[in-house]
Structure formats: C-alpha cells, structure tokens
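Taking it in order: structure first as structure tokens, then the write-up.
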Amino acid sequence: MLTQFRTETAPPSRTATSTEAAALASLMVEDEAAVSDAPTYSPEAVGAGLLVLGLLLSPKPPKEAKPTR
Amino acid sequence: MTDTHVLGTAQRLGSRALSWLHAAHRDGLGRIPDNTLIDFADADNAYKPLGEVALAASLVLRDGVSGPADTRTARELLDGCWAQLREGDLLYERQLHHFTMTDPLETYGHFARAGYRHPRLEELLDSLARLRAAHAEEIRPNRRLGVANARRVVGLDHRPDWEALALGTWLGARPEPWAVNWMTGYDITHTVFHLTDWGARPDGLPEPMRDYVRDWLPVWLDVWAEVGQWDLVAELLVVDACCGEPTTGRQGWDALAAVQHEDGLLPRDSDPVDGDRERVFLDHQHTAVVAVVAGDVTLARALRATAAG
Amino acid sequence: MPFAETPLRDEYAAAVEHLARRTLDALHDDAAPPPEAPGADRPLLAAARVLGPDLFAPRLLAGAGPDGPTAALLAEARRTLPPPAAPSAGAALVIAWQDWAAGRLLARTPYGDGAPMPPAPPAPGESGWQTWSVRMSQLSGLALPGLDGPVHDSARTHALSLARGTVRALLRRDQTTAARLARWLAWTDAEGLAPRLEVAPVLDRIRLAGDGSARTALGLAIAHRLLAAPGGGRPAP
C-alpha cells in the first residue's frame, strides 16, 4: 500500500533546495518552445508553382534555399 | 473603425515603399532589356515584377486615398512600365504567339485599371476567351481566379462561375488551419485578392470563407511575423483589409514598420539585406509592392467604412 | 522559462515520465495507478507534485472519485515539497492553480488540505490570446471531470482563443503545447460546447508528430477520453 511508504528514506540533507525548487518549477510550468519552427520557403513545398509565370504578387523564392527541417 | 495608429502606420509604410520603388525605377533598375528576348525562365527577369509594380500603382490611382505626391509617383511608375512594355505591344505579341498563356492578360489588367489600353490586345483576348482551350489550361485554382478577375477588370465579356472557382481553391476547402504552409499561405492571400478585386469588392469573398479567414488570420500573422517572413506578413495584412473590418490589429503593422529601412526598403524576410543595389532591388521589390498595396487597401477600406457611416 | 539543465531536473523529469507511463497504463486499464513500492523516493514525490491532478485521471474519467493510495502519495509529495518559488508572477499563478486543483481533489479524500482559490488568470483581452493560450496550456492538468472554477470558465468563454492557441502551437511545431491546448478543446467538447477547431485530427497529428513523451501521451489519452465522453465528440461547426 502506498500509505506505507516512508519518506524518511529520502536523505535528510535534501530539504527543498533552490536547485530542487527550480527543477520542480520548470517541470510544473513548462513554457512553450522558445524558437518557432514555423514553415518557411522550401523547394519541396513550392514545387513548380512559382516557376509558372504570371502569378502576380507571388513571392520570389529566396536565392539560396534555406535548410529544411 | 480601424485604429488610427494602424492607419498612420499603413500610410507611412506604403508611401515610403512607393518612393523606394520609384527611386529604383528612376535610376534604371527593373528594366526589361532592350532588343533582347526576355528569358522568362530567369527568376530575376523584369517582366513579372513590372506587372506587379503596375498593380500597386494602379490600386493607388484606383482608390485615390493617397496624397498628391504619391499619386504623381504612381502615375510616373505606370507610365514608365507601360513604356517598357512598348505601350502594350510586348503583351500583345506574347499573347498572340502563346495564345493559351494567361500572364499577358493578367499583366494587362493592371494597366487597363489605370486607363492604359491596347485595343488590338483586347480584341485578341476577346477572341481567345471564346476558345474552349482558354479555359482548359491546367492552372492552379487561385490563378484561375486571377484570370477571371483580370477579364472583369479589362471589361471582357465573360461570366465565370465565381463560386465554383472559389470552391476549387485551398481556401475554398477551408482546410484544417494548422495545415497551411508558406506556399499555401500565398494561395490563400491570392484567392482573397482576386475574389475581392484587391479589396474593392469585399462581398466577393463567400461568407464561409470570410469567417474562416477572420478566425485564423491572426494566427497566421502571428506565426509568420515571429519568424520574420515580412513579405507574407504584408500579404496577410492586405487580406485583412480585403475582408472587412480588420481583425489583426497593430501587431503586423508595428512589426513591418520596425524593420522598414530609412529609404523605404522593406526586407522580404529576416535574413540580412546584402549585395549591391541591383541585387537588393531584385530581392526586395516584391515586398515593396505588397507594402504599397497593403497601405493602400487598408486606408481605402477605412475611408469606405467612414463614408458608409 | 529559462532553467539550467541540471542533473536533478533530469532525474525528476525521468521520474515524471515513469509515473506518467504508469498512470497512462492505468487509464487504459480503467484502474487506479498501481501502488508504488514502499519507500517513495524524492524523485517520485517530485513527479507526483508535477503531475498532480492527472494522477487521478484514470479514476475521474471512469466516473469514480480519487483513490486513497494515490491521494496518499500526492499528499505526501505536497507535504515534502512545498510549492516552489516561481520565476515569474505568471508562473506563480500557474503553480497556485495546479495546487488548488490538487487540493480540490484531495478534499474528497482523507488527505484534504484545502488550498485557497487563487485570483483568476488574465483574460485574452488583457494579455493577448497568445499569452493567454500558453498559460492555459500550462494549466491543462485542470481539464478533468470533477474540477471546475474560473480557469474552466475562461476556457468556456474563450473558445476561439483556445482554438487559435492550438493552431499557433501546431504551426510553430510545438507539439507539446499543442497537445495541452487540444486537451482543453476536448474538455470544452465534453462540456457540450462545440470547439472552434476539429479536435480529433489535431490529436492524431500530435500522436504521430509529437514529442513521444509519456507525459504528452497521457494528456492525449485524457483528451481522447474526454472526446469520447457522453456529450463529447460532436463535429466542429
């Protein structure tokens, strides 16, 4: 039974330290991903779409394709 | 009522982008080479951008919400572009030889909007429109809308099934809003541009599509502003003004204003702006065009709303 | 939130995965999580602190109340590890609400300690729908049957902001945040309020492209159960 577990088995020196509090807080309140990985230009996604002339106001592909993720 | 802060930003951003384009054209950038064939396969060819500059300038003249200096600038840009197209002869010859191609019509539409006419081209377009072949070309559905709108602007006799055309697009399918990517983002913006004729006919966007755009536009704008896709952000701001009362607020405008250079250049994305002047012009002219259109349609919409009380 | 990738955090994170996996297994078996071996160590207590109300998810979703052994573990965790100091006022509010939720569930057991109700989180109109939705993702542990309060009212009232936050997270390819917001969407659905975004395809997308952690899998499983609840699962308009 869980009611039997003995917390005194935890080392007594490990009271809630600031390191522990920080670890706990960071797990309890996880922030969103700091860096967005939103879709940008990729040759695969664009295909031949932009090579067709006349699509006015369509974007010009960047000169160098960025690494795709 | 659109936020006056937004309107002030839209006006400044668009006006400065227009000046930047004008200065570049005045100094000979963006020219179609004389006496040589246009290499249409070259991503840097001047033909497509010329039509885009004409689009922006024609909207400035159509909407009449700019000051006299910008109006004059727009007229000069159109005059210059029309001259480069040899008063439309270049479009005529291209359409005559490649008679199922749609880009001469789409380009011509922007000049026709501003009163530049080429009767022989119109006769040719009218004749071609009666061919089944003209409607059989397998083009992307949002471009089909572009062609239909160009015919409408030029005044050619045609009765497209707008609803069927709209439903054939990505936006018409109203897909899961998280499935959009960079390219389909542009598909969405173009569908809105053509259905509303660049904001002049907001009711041209079927209501379910308008509701869908208004629900998700703030998300798309936020996501692409965060990664600095300024060109697409500017197109999304055009969309916002084409669909009625804008929904995205200041976020996009403030972000664009913050990255616009002193001379009016608006970077297309967050990569460094480098290279010589011509390279910089080639890379960023499209974004300048979008900025002019965004400023124009945003002001025009606000003015129409005010006039309507 | 910036935090040092300390060995201690890694140790606790591993314990969270362990306990989430056990809870997930229990959810699939419609049972309470099996009792831990005697002598709950500190990482396990930390994990219980982190998962909080979710430890009772298998029971609550089966229509039962919190079970004694799990309540004992959670109560012990709360006694041994007081609410950690948060790096920001927003994070402190999240922790306070998580504590409130755990307290509400423990109040139905002999281990009740009655945490006070924190102030309501700012509405999207105050903080922007982006910030609001990230906050709601951090509070996704509250999206359980048997819990209700101002946070839940906020989810009911701001259905579009919830949907926008989910789409934003998916487009940023932040599947973890997306999974947590999708759980709220499923919760509103179970409440009989049609979400502004189809939930099932989102859950499926995250299942295939998500972070693969047991913690996220547990959230997804809870969302699936909420969708399948009576009144849940209707298509979005």
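By convention in this document, the chains of the structure tokens carry letters A, B, ... by their order, each chain's residues are numbered from 1, and ligands are numbered from 1 in the order they are shown.
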Set out as a Markdown table a contact list for chain C and chain A with a cut-off of 7 Å, giving each residue of chain C that qualifies its closest atom pair and distance in Å to one decimal, counting only C-alpha atoms, ordered by chain and rising residue number.
```
| residue | atom | partner | partner_atom | distance |
| --- | --- | --- | --- | --- |
| C:Met1 | CA | A:Asp31 | CA | 5.4 |
| C:Phe3 | CA | A:Ser26 | CA | 6.7 |
| C:Leu8 | CA | A:Ala23 | CA | 6.8 |
| C:Arg9 | CA | A:Ala23 | CA | 4.7 |
| C:Pro35 | CA | A:Leu2 | CA | 5.3 |
| C:Glu36 | CA | A:Leu2 | CA | 5.9 |
| C:Pro38 | CA | A:Phe5 | CA | 4.1 |
| C:Gly39 | CA | A:Phe5 | CA | 4.2 |
| C:Ala40 | CA | A:Phe5 | CA | 5.6 |
| C:Asp41 | CA | A:Ala10 | CA | 5.8 |
| C:Arg42 | CA | A:Ala10 | CA | 6.0 |
| C:Ala46 | CA | A:Leu24 | CA | 6.8 |
| C:Val50 | CA | A:Met28 | CA | 5.0 |
| C:Pro69 | CA | A:Leu2 | CA | 5.0 |
| C:Ala72 | CA | A:Thr3 | CA | 5.9 |
| C:Leu73 | CA | A:Leu2 | CA | 6.6 |
| C:Leu81 | CA | A:Ala16 | CA | 6.4 |
| C:Pro84 | CA | A:Ala21 | CA | 4.8 |
| C:Ala85 | CA | A:Ala21 | CA | 6.5 |
| C:Ala86 | CA | A:Ala25 | CA | 6.1 |
| C:Ala91 | CA | A:Val29 | CA | 6.2 |
| C:Val94 | CA | A:Val29 | CA | 6.9 |
| C:Ile95 | CA | A:Met28 | CA | 6.9 |
| C:Val134 | CA | A:Glu32 | CA | 6.6 |
| C:Gln138 | CA | A:Val29 | CA | 5.8 |
| C:Leu171 | CA | A:Ala38 | CA | 5.4 |
| C:Arg172 | CA | A:Ala38 | CA | 4.5 |
| C:Arg173 | CA | A:Asp37 | CA | 5.6 |
| C:Asp174 | CA | A:Ala33 | CA | 5.8 |
| C:Thr177 | CA | A:Glu32 | CA | 6.0 |
```
Those residues with C-alpha atoms, as a PDB file, in the first residue's frame please?
```pdb
ATOM      1  CA  MET C   1      11.205  29.750 -18.916  1.00  0.00           C
ATOM      2  CA  PHE C   3      16.250  26.838 -16.431  1.00  0.00           C
ATOM      3  CA  LEU C   8      18.493  16.955 -10.651  1.00  0.00           C
ATOM      4  CA  ARG C   9      15.989  18.189 -13.189  1.00  0.00           C
ATOM      5  CA  PRO C  35       0.681   1.431  -5.703  1.00  0.00           C
ATOM      6  CA  GLU C  36       4.302   2.387  -5.709  1.00  0.00           C
ATOM      7  CA  PRO C  38       7.159   1.227  -0.199  1.00  0.00           C
ATOM      8  CA  GLY C  39       9.650   3.973   0.302  1.00  0.00           C
ATOM      9  CA  ALA C  40       8.645   6.600  -2.240  1.00  0.00           C
ATOM     10  CA  ASP C  41      11.859   8.366  -3.058  1.00  0.00           C
ATOM     11  CA  ARG C  42      12.217  12.041  -3.610  1.00  0.00           C
ATOM     12  CA  ALA C  46       8.588  15.341  -7.244  1.00  0.00           C
ATOM     13  CA  VAL C  50       4.386  17.739 -11.155  1.00  0.00           C
ATOM     14  CA  PRO C  69      -3.275   5.279  -2.230  1.00  0.00           C
ATOM     15  CA  ALA C  72      -1.612   9.482  -0.018  1.00  0.00           C
ATOM     16  CA  LEU C  73       1.229   9.796  -2.493  1.00  0.00           C
ATOM     17  CA  LEU C  81       7.886  19.541  -1.446  1.00  0.00           C
ATOM     18  CA  PRO C  84       8.375  26.021  -5.477  1.00  0.00           C
ATOM     19  CA  ALA C  85       9.155  29.682  -5.925  1.00  0.00           C
ATOM     20  CA  ALA C  86       8.272  30.582  -9.480  1.00  0.00           C
ATOM     21  CA  ALA C  91       4.315  31.009 -13.441  1.00  0.00           C
ATOM     22  CA  VAL C  94       0.020  28.546 -12.719  1.00  0.00           C
ATOM     23  CA  ILE C  95       1.527  26.740  -9.750  1.00  0.00           C
ATOM     24  CA  VAL C 134       0.244  29.447 -23.415  1.00  0.00           C
ATOM     25  CA  GLN C 138       0.333  25.142 -18.605  1.00  0.00           C
ATOM     26  CA  LEU C 171       2.292  25.849 -36.775  1.00  0.00           C
ATOM     27  CA  ARG C 172       5.265  26.626 -34.523  1.00  0.00           C
ATOM     28  CA  ARG C 173       5.666  22.836 -34.403  1.00  0.00           C
ATOM     29  CA  ASP C 174       5.454  22.994 -30.634  1.00  0.00           C
ATOM     30  CA  THR C 177       1.945  22.960 -26.114  1.00  0.00           C
TER      31      THR C 177
END
```
- Write out as a ChimeraX atom specification each polymer residue whose atoms come within 10 Å of Gln130 of chain C, counting only C-alpha atoms; drop sequence neighbours fewer than 4 positions from it. /B:218-219,222 /C:124,134-136,161-162,164-166,168-169
Output of the above residues as an mmCIF file, in the first residue's frame, restricted to C-alpha atoms:
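Result file follows (result.cif):
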```cif
data_model
loop_
_atom_site.group_PDB
_atom_site.id
_atom_site.type_symbol
_atom_site.label_atom_id
_atom_site.label_comp_id
_atom_site.auth_asym_id
_atom_site.auth_seq_id
_atom_site.Cartn_x
_atom_site.Cartn_y
_atom_site.Cartn_z
ATOM 1 C CA PRO B 218 -4.500 36.436 -36.514
ATOM 2 C CA VAL B 219 -2.761 33.092 -36.006
ATOM 3 C CA ASP B 222 1.448 35.951 -35.533
ATOM 4 C CA PRO C 124 -7.152 37.101 -23.536
ATOM 5 C CA VAL C 134 0.244 29.447 -23.415
ATOM 6 C CA ARG C 135 -0.960 29.971 -19.840
ATOM 7 C CA MET C 136 -3.919 27.688 -20.485
ATOM 8 C CA SER C 161 -8.673 31.922 -28.360
ATOM 9 C CA LEU C 162 -8.236 28.317 -27.297
ATOM 10 C CA ARG C 164 -6.165 29.902 -32.114
ATOM 11 C CA GLY C 165 -3.619 28.975 -29.488
ATOM 12 C CA THR C 166 -3.752 25.357 -30.601
ATOM 13 C CA ARG C 168 -0.452 28.622 -33.372
ATOM 14 C CA ALA C 169 1.356 25.913 -31.391
#
```
Could you produce a table of the residues of chain B lying within 9 Å of chain A, with the nearest pair of atoms per residue and their separation in Å rounded to one decimal, using only C-alpha atoms, ordered by chain and increasing residue number, as a Markdown table?
```
| residue | atom | partner | partner_atom | distance |
| --- | --- | --- | --- | --- |
| B:Phe40 | CA | A:Leu53 | CA | 7.4 |
| B:Ala41 | CA | A:Leu51 | CA | 7.2 |
| B:Asp42 | CA | A:Leu51 | CA | 9.0 |
| B:Ala43 | CA | A:Lys60 | CA | 7.4 |
| B:Asp44 | CA | A:Lys60 | CA | 8.7 |
| B:Lys48 | CA | A:Gly54 | CA | 6.5 |
| B:Pro49 | CA | A:Leu56 | CA | 8.0 |
| B:Gly51 | CA | A:Leu56 | CA | 7.1 |
| B:Glu52 | CA | A:Leu56 | CA | 6.0 |
| B:Leu55 | CA | A:Leu56 | CA | 8.5 |
| B:Met101 | CA | A:Gly54 | CA | 8.6 |
| B:Thr102 | CA | A:Gly54 | CA | 6.8 |
| B:Asp103 | CA | A:Gly54 | CA | 4.1 |
| B:Pro104 | CA | A:Gly54 | CA | 7.6 |
| B:Leu105 | CA | A:Gly54 | CA | 8.9 |
| B:Glu106 | CA | A:Gly54 | CA | 6.7 |
| B:Thr107 | CA | A:Gly54 | CA | 7.4 |
| B:Arg140 | CA | A:Gly49 | CA | 8.2 |
| B:Arg143 | CA | A:Leu55 | CA | 6.5 |
| B:Gly146 | CA | A:Leu55 | CA | 8.0 |
| B:Val180 | CA | A:Pro39 | CA | 8.6 |
| B:Asn181 | CA | A:Pro39 | CA | 5.6 |
| B:Trp182 | CA | A:Thr40 | CA | 5.1 |
| B:Met183 | CA | A:Val46 | CA | 5.9 |
| B:Thr184 | CA | A:Val46 | CA | 8.8 |
| B:Tyr186 | CA | A:Ser58 | CA | 6.9 |
| B:Asp187 | CA | A:Ser58 | CA | 8.7 |
| B:His190 | CA | A:Leu57 | CA | 8.0 |
| B:Val223 | CA | A:Ala38 | CA | 6.7 |
| B:Trp224 | CA | A:Ala38 | CA | 7.2 |
| B:Glu226 | CA | A:Ser36 | CA | 7.4 |
| B:Val227 | CA | A:Ser36 | CA | 6.9 |
| B:Gln229 | CA | A:Thr40 | CA | 7.6 |
| B:Asp231 | CA | A:Pro59 | CA | 7.5 |
| B:Leu232 | CA | A:Pro59 | CA | 8.1 |
| B:Glu235 | CA | A:Leu57 | CA | 8.9 |
| B:Asp283 | CA | A:Lys60 | CA | 7.6 |
| B:His284 | CA | A:Lys60 | CA | 8.9 |
| B:His286 | CA | A:Pro59 | CA | 6.7 |
| B:Thr287 | CA | A:Pro59 | CA | 8.1 |
| B:Val289 | CA | A:Leu57 | CA | 7.9 |
| B:Val290 | CA | A:Leu57 | CA | 7.3 |
```
Counting only C-alpha atoms, give me one row per residue of chain B with an atom at most 8 Å from an atom of chain C, showing the shortest contact pair and its distance in Å to one decimal, sorted by chain then residue number, as a Markdown table.
```
| residue | atom | partner | partner_atom | distance |
| --- | --- | --- | --- | --- |
| B:Glu176 | CA | C:Glu198 | CA | 7.9 |
| B:Pro177 | CA | C:Val167 | CA | 6.6 |
| B:Trp178 | CA | C:Val167 | CA | 5.1 |
| B:Ala179 | CA | C:Leu171 | CA | 7.8 |
| B:Asp215 | CA | C:Leu160 | CA | 7.5 |
| B:Trp216 | CA | C:Arg164 | CA | 6.8 |
| B:Val219 | CA | C:Arg168 | CA | 5.7 |
| B:Trp220 | CA | C:Arg168 | CA | 7.5 |
| B:Asp222 | CA | C:Arg168 | CA | 7.9 |
| B:Val223 | CA | C:Arg168 | CA | 6.5 |
```
- Computed interatomic separation between atom CA of Asp240 of chain B and atom CA of Pro272 of chain B (Å):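 Interatomic distance here is 27.7 Å.
Atom pair atom CA of Arg130 of chain B / atom CA of Glu163 of chain B: separated by 20.7 Å.
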- Task: Mind listing the alpha helix (DSSP H) residues of segment 89-303 of chain B, per DSSP on the backbone, as a PyMOL selection string?
- Result: chain B and resi 89-97+103-113+119-129+132-136+141-154+162-167+170-173+182-195+207-226+230-242+251-259+277-303
- Leu124 of chain B environment, 12 Å, only C-alpha atoms, sequence neighbours closer than 5 positions dropped, as JSON, numbers by chain: {"B": [91, 92, 93, 94, 95, 96, 97, 98, 99, 100, 104, 105, 118, 119, 129, 130, 131, 134, 156]}
Exercise: Asp99 of chain C partners within 12 Å, only C-alpha atoms, chain neighbours under 3 positions left out, as a PDB file with N, CA and C atoms, in the first residue's frame:
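Final output, saved to result27.pdb:
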```pdb
ATOM      1  N   MET A  28       6.793  21.886 -13.556  1.00  0.00           N
ATOM      2  CA  MET A  28       5.376  22.183 -13.315  1.00  0.00           C
ATOM      3  C   MET A  28       4.852  23.224 -14.301  1.00  0.00           C
TER       4      MET A  28
ATOM      5  N   ALA C  48       5.052  13.201  -8.580  1.00  0.00           N
ATOM      6  CA  ALA C  48       3.654  13.309  -8.159  1.00  0.00           C
ATOM      7  C   ALA C  48       3.251  14.776  -8.046  1.00  0.00           C
ATOM      8  N   ARG C  49       4.177  15.584  -7.572  1.00  0.00           N
ATOM      9  CA  ARG C  49       3.936  17.032  -7.444  1.00  0.00           C
ATOM     10  C   ARG C  49       3.686  17.642  -8.824  1.00  0.00           C
ATOM     11  N   VAL C  50       4.471  17.182  -9.797  1.00  0.00           N
ATOM     12  CA  VAL C  50       4.386  17.739 -11.155  1.00  0.00           C
ATOM     13  C   VAL C  50       3.078  17.298 -11.821  1.00  0.00           C
ATOM     14  N   LEU C  51       2.762  16.032 -11.712  1.00  0.00           N
ATOM     15  CA  LEU C  51       1.570  15.532 -12.413  1.00  0.00           C
ATOM     16  C   LEU C  51       0.284  15.908 -11.673  1.00  0.00           C
ATOM     17  N   GLY C  52       0.365  16.003 -10.365  1.00  0.00           N
ATOM     18  CA  GLY C  52      -0.766  16.495  -9.572  1.00  0.00           C
ATOM     19  C   GLY C  52      -2.084  15.839  -9.921  1.00  0.00           C
ATOM     20  N   PRO C  53      -3.091  16.637 -10.330  1.00  0.00           N
ATOM     21  CA  PRO C  53      -4.438  16.114 -10.576  1.00  0.00           C
ATOM     22  C   PRO C  53      -4.463  14.965 -11.583  1.00  0.00           C
ATOM     23  N   LEU C  74       0.145  11.797  -3.300  1.00  0.00           N
ATOM     24  CA  LEU C  74       0.099  13.216  -3.665  1.00  0.00           C
ATOM     25  C   LEU C  74       0.197  14.086  -2.412  1.00  0.00           C
ATOM     26  N   ALA C  75      -0.506  13.663  -1.351  1.00  0.00           N
ATOM     27  CA  ALA C  75      -0.461  14.450  -0.109  1.00  0.00           C
ATOM     28  C   ALA C  75       0.962  14.476   0.451  1.00  0.00           C
ATOM     29  N   ALA C  77       3.684  14.135  -1.265  1.00  0.00           N
ATOM     30  CA  ALA C  77       4.505  14.962  -2.155  1.00  0.00           C
ATOM     31  C   ALA C  77       4.321  16.443  -1.820  1.00  0.00           C
ATOM     32  N   ARG C  78       3.068  16.819  -1.562  1.00  0.00           N
ATOM     33  CA  ARG C  78       2.800  18.232  -1.272  1.00  0.00           C
ATOM     34  C   ARG C  78       3.383  18.629   0.086  1.00  0.00           C
ATOM     35  N   ARG C  79       3.420  17.637   1.010  1.00  0.00           N
ATOM     36  CA  ARG C  79       3.952  17.943   2.338  1.00  0.00           C
ATOM     37  C   ARG C  79       5.480  18.073   2.273  1.00  0.00           C
ATOM     38  N   LEU C  81       7.389  18.547  -0.491  1.00  0.00           N
ATOM     39  CA  LEU C  81       7.886  19.541  -1.446  1.00  0.00           C
ATOM     40  C   LEU C  81       6.878  20.691  -1.521  1.00  0.00           C
ATOM     41  N   PRO C  82       7.097  21.742  -0.781  1.00  0.00           N
ATOM     42  CA  PRO C  82       6.159  22.862  -0.825  1.00  0.00           C
ATOM     43  C   PRO C  82       6.171  23.512  -2.214  1.00  0.00           C
ATOM     44  N   PRO C  83       5.153  24.311  -2.534  1.00  0.00           N
ATOM     45  CA  PRO C  83       5.124  24.934  -3.861  1.00  0.00           C
ATOM     46  C   PRO C  83       6.424  25.676  -4.117  1.00  0.00           C
ATOM     47  N   PRO C  84       7.089  25.372  -5.216  1.00  0.00           N
ATOM     48  CA  PRO C  84       8.375  26.021  -5.477  1.00  0.00           C
ATOM     49  C   PRO C  84       8.184  27.493  -5.838  1.00  0.00           C
ATOM     50  N   ALA C  92       3.918  31.708 -11.146  1.00  0.00           N
ATOM     51  CA  ALA C  92       3.431  31.522  -9.777  1.00  0.00           C
ATOM     52  C   ALA C  92       1.928  31.262  -9.782  1.00  0.00           C
ATOM     53  N   LEU C  93       1.225  31.969 -10.659  1.00  0.00           N
ATOM     54  CA  LEU C  93      -0.225  31.788 -10.756  1.00  0.00           C
ATOM     55  C   LEU C  93      -0.554  30.379 -11.259  1.00  0.00           C
ATOM     56  N   VAL C  94       0.238  29.901 -12.207  1.00  0.00           N
ATOM     57  CA  VAL C  94       0.020  28.546 -12.719  1.00  0.00           C
ATOM     58  C   VAL C  94       0.196  27.525 -11.604  1.00  0.00           C
ATOM     59  N   ILE C  95       1.267  27.677 -10.850  1.00  0.00           N
ATOM     60  CA  ILE C  95       1.527  26.740  -9.750  1.00  0.00           C
ATOM     61  C   ILE C  95       0.403  26.827  -8.719  1.00  0.00           C
ATOM     62  N   ALA C  96      -0.048  28.033  -8.439  1.00  0.00           N
ATOM     63  CA  ALA C  96      -1.125  28.205  -7.460  1.00  0.00           C
ATOM     64  C   ALA C  96      -2.399  27.495  -7.927  1.00  0.00           C
ATOM     65  N   ALA C 102      -5.197  20.210  -7.211  1.00  0.00           N
ATOM     66  CA  ALA C 102      -4.814  19.026  -6.422  1.00  0.00           C
ATOM     67  C   ALA C 102      -5.539  19.051  -5.076  1.00  0.00           C
ATOM     68  N   GLY C 103      -5.609  20.237  -4.481  1.00  0.00           N
ATOM     69  CA  GLY C 103      -6.285  20.372  -3.191  1.00  0.00           C
ATOM     70  C   GLY C 103      -7.763  20.033  -3.279  1.00  0.00           C
ATOM     71  N   ARG C 104      -8.380  20.445  -4.365  1.00  0.00           N
ATOM     72  CA  ARG C 104      -9.811  20.163  -4.552  1.00  0.00           C
ATOM     73  C   ARG C 104     -10.065  18.655  -4.612  1.00  0.00           C
ATOM     74  N   LEU C 105      -9.177  17.957  -5.293  1.00  0.00           N
ATOM     75  CA  LEU C 105      -9.373  16.511  -5.421  1.00  0.00           C
ATOM     76  C   LEU C 105      -9.038  15.808  -4.109  1.00  0.00           C
ATOM     77  N   LEU C 106      -8.001  16.277  -3.447  1.00  0.00           N
ATOM     78  CA  LEU C 106      -7.639  15.665  -2.158  1.00  0.00           C
ATOM     79  C   LEU C 106      -8.720  15.928  -1.110  1.00  0.00           C
ATOM     80  N   ALA C 107      -9.454  17.012  -1.274  1.00  0.00           N
ATOM     81  CA  ALA C 107     -10.514  17.332  -0.312  1.00  0.00           C
ATOM     82  C   ALA C 107     -11.601  16.262  -0.319  1.00  0.00           C
ATOM     83  N   GLY C 112      -7.390  15.697   2.609  1.00  0.00           N
ATOM     84  CA  GLY C 112      -7.722  17.061   2.187  1.00  0.00           C
ATOM     85  C   GLY C 112      -6.927  18.102   2.944  1.00  0.00           C
ATOM     86  N   ASP C 113      -6.460  19.127   2.234  1.00  0.00           N
ATOM     87  CA  ASP C 113      -5.758  20.209   2.919  1.00  0.00           C
ATOM     88  C   ASP C 113      -6.234  21.586   2.457  1.00  0.00           C
ATOM     89  N   GLY C 114      -7.129  21.572   1.465  1.00  0.00           N
ATOM     90  CA  GLY C 114      -7.813  22.813   1.094  1.00  0.00           C
ATOM     91  C   GLY C 114      -6.928  23.985   0.721  1.00  0.00           C
ATOM     92  N   ALA C 115      -6.348  23.929  -0.485  1.00  0.00           N
ATOM     93  CA  ALA C 115      -5.578  25.081  -0.961  1.00  0.00           C
ATOM     94  C   ALA C 115      -6.544  26.219  -1.289  1.00  0.00           C
ATOM     95  N   PRO C 116      -6.163  27.468  -1.020  1.00  0.00           N
ATOM     96  CA  PRO C 116      -7.050  28.601  -1.313  1.00  0.00           C
ATOM     97  C   PRO C 116      -7.204  28.822  -2.814  1.00  0.00           C
ATOM     98  N   MET C 117      -8.313  29.444  -3.211  1.00  0.00           N
ATOM     99  CA  MET C 117      -8.514  29.706  -4.637  1.00  0.00           C
ATOM    100  C   MET C 117      -7.718  30.949  -5.050  1.00  0.00           C
ATOM    101  N   PRO C 118      -6.814  30.780  -6.025  1.00  0.00           N
ATOM    102  CA  PRO C 118      -6.003  31.924  -6.474  1.00  0.00           C
ATOM    103  C   PRO C 118      -6.840  32.891  -7.282  1.00  0.00           C
ATOM    104  N   LEU C 139      -1.924  25.036 -17.750  1.00  0.00           N
ATOM    105  CA  LEU C 139      -2.971  24.664 -16.793  1.00  0.00           C
ATOM    106  C   LEU C 139      -3.810  23.495 -17.307  1.00  0.00           C
ATOM    107  N   GLY C 141      -3.643  20.484 -16.872  1.00  0.00           N
ATOM    108  CA  GLY C 141      -3.935  19.470 -15.861  1.00  0.00           C
ATOM    109  C   GLY C 141      -5.270  19.690 -15.172  1.00  0.00           C
ATOM    110  N   LEU C 142      -5.800  20.889 -15.312  1.00  0.00           N
ATOM    111  CA  LEU C 142      -7.106  21.179 -14.701  1.00  0.00           C
ATOM    112  C   LEU C 142      -8.266  20.685 -15.569  1.00  0.00           C
TER     113      LEU C 142
END
```
Extract, using only C-alpha atoms, all DNA, RNA and protein residues at most 12 Å from Gly115 of chain B, discarding same-chain residues fewer than 6 positions from it, and format them as a compact mmCIF listing (two decimals) with N, CA and C atoms, in the first residue's frame.
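Written output follows (out_36.txt):
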```
# COMPACT_ATOMS: atom_id res chain seq x y z
N ALA B 54 2.99 47.71 -61.58
CA ALA B 54 1.79 48.29 -62.21
C ALA B 54 0.56 48.02 -61.35
N ALA B 57 0.69 50.45 -58.34
CA ALA B 57 0.44 51.84 -58.75
C ALA B 57 -1.01 52.01 -59.20
N SER B 58 -1.55 50.99 -59.88
CA SER B 58 -2.93 51.12 -60.38
C SER B 58 -3.92 51.16 -59.22
N LEU B 59 -3.60 50.46 -58.13
CA LEU B 59 -4.50 50.49 -56.97
C LEU B 59 -4.43 51.85 -56.27
N LEU B 61 -3.97 54.65 -57.73
CA LEU B 61 -4.79 55.56 -58.54
C LEU B 61 -6.27 55.21 -58.43
N ARG B 62 -6.59 53.92 -58.42
CA ARG B 62 -7.99 53.50 -58.32
C ARG B 62 -8.64 53.99 -57.03
N ARG B 75 1.59 57.44 -60.94
CA ARG B 75 1.38 57.68 -62.38
C ARG B 75 2.69 57.56 -63.14
N LEU B 78 3.64 53.93 -63.54
CA LEU B 78 2.83 53.27 -64.56
C LEU B 78 3.26 53.69 -65.96
N ASP B 79 3.51 54.99 -66.13
CA ASP B 79 3.97 55.46 -67.44
C ASP B 79 5.25 54.73 -67.85
N TRP B 82 4.59 51.00 -68.63
CA TRP B 82 3.85 50.88 -69.89
C TRP B 82 4.78 51.11 -71.07
N GLU B 87 4.05 50.19 -74.84
CA GLU B 87 2.62 50.56 -74.84
C GLU B 87 1.72 49.33 -75.05
N TYR B 108 -1.88 42.91 -68.24
CA TYR B 108 -2.63 43.99 -68.89
C TYR B 108 -3.73 44.53 -67.98
N GLY B 109 -4.34 43.66 -67.20
CA GLY B 109 -5.43 44.08 -66.32
C GLY B 109 -5.05 45.26 -65.44
N VAL B 153 -11.77 43.14 -64.85
CA VAL B 153 -11.21 44.49 -64.79
C VAL B 153 -11.08 45.08 -66.20
N VAL B 154 -10.63 44.25 -67.14
CA VAL B 154 -10.46 44.74 -68.51
C VAL B 154 -11.83 45.02 -69.14
N GLY B 155 -12.85 44.30 -68.67
CA GLY B 155 -14.19 44.52 -69.20
C GLY B 155 -14.53 43.57 -70.33
```
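Atom CA of Ser66 of chain B to atom CA of His5 of chain B spans 16.8 Å [interatomic distance, one decimal].
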- Task: Pick out the residues sitting within 7 Å of Trp230 of chain B, and hand them over as a ChimeraX atom specification; count only C-alpha atoms, and ignore anything fewer than 3 positions along from it in its own chain.
- Result: /B:225,233-234,256,267-269
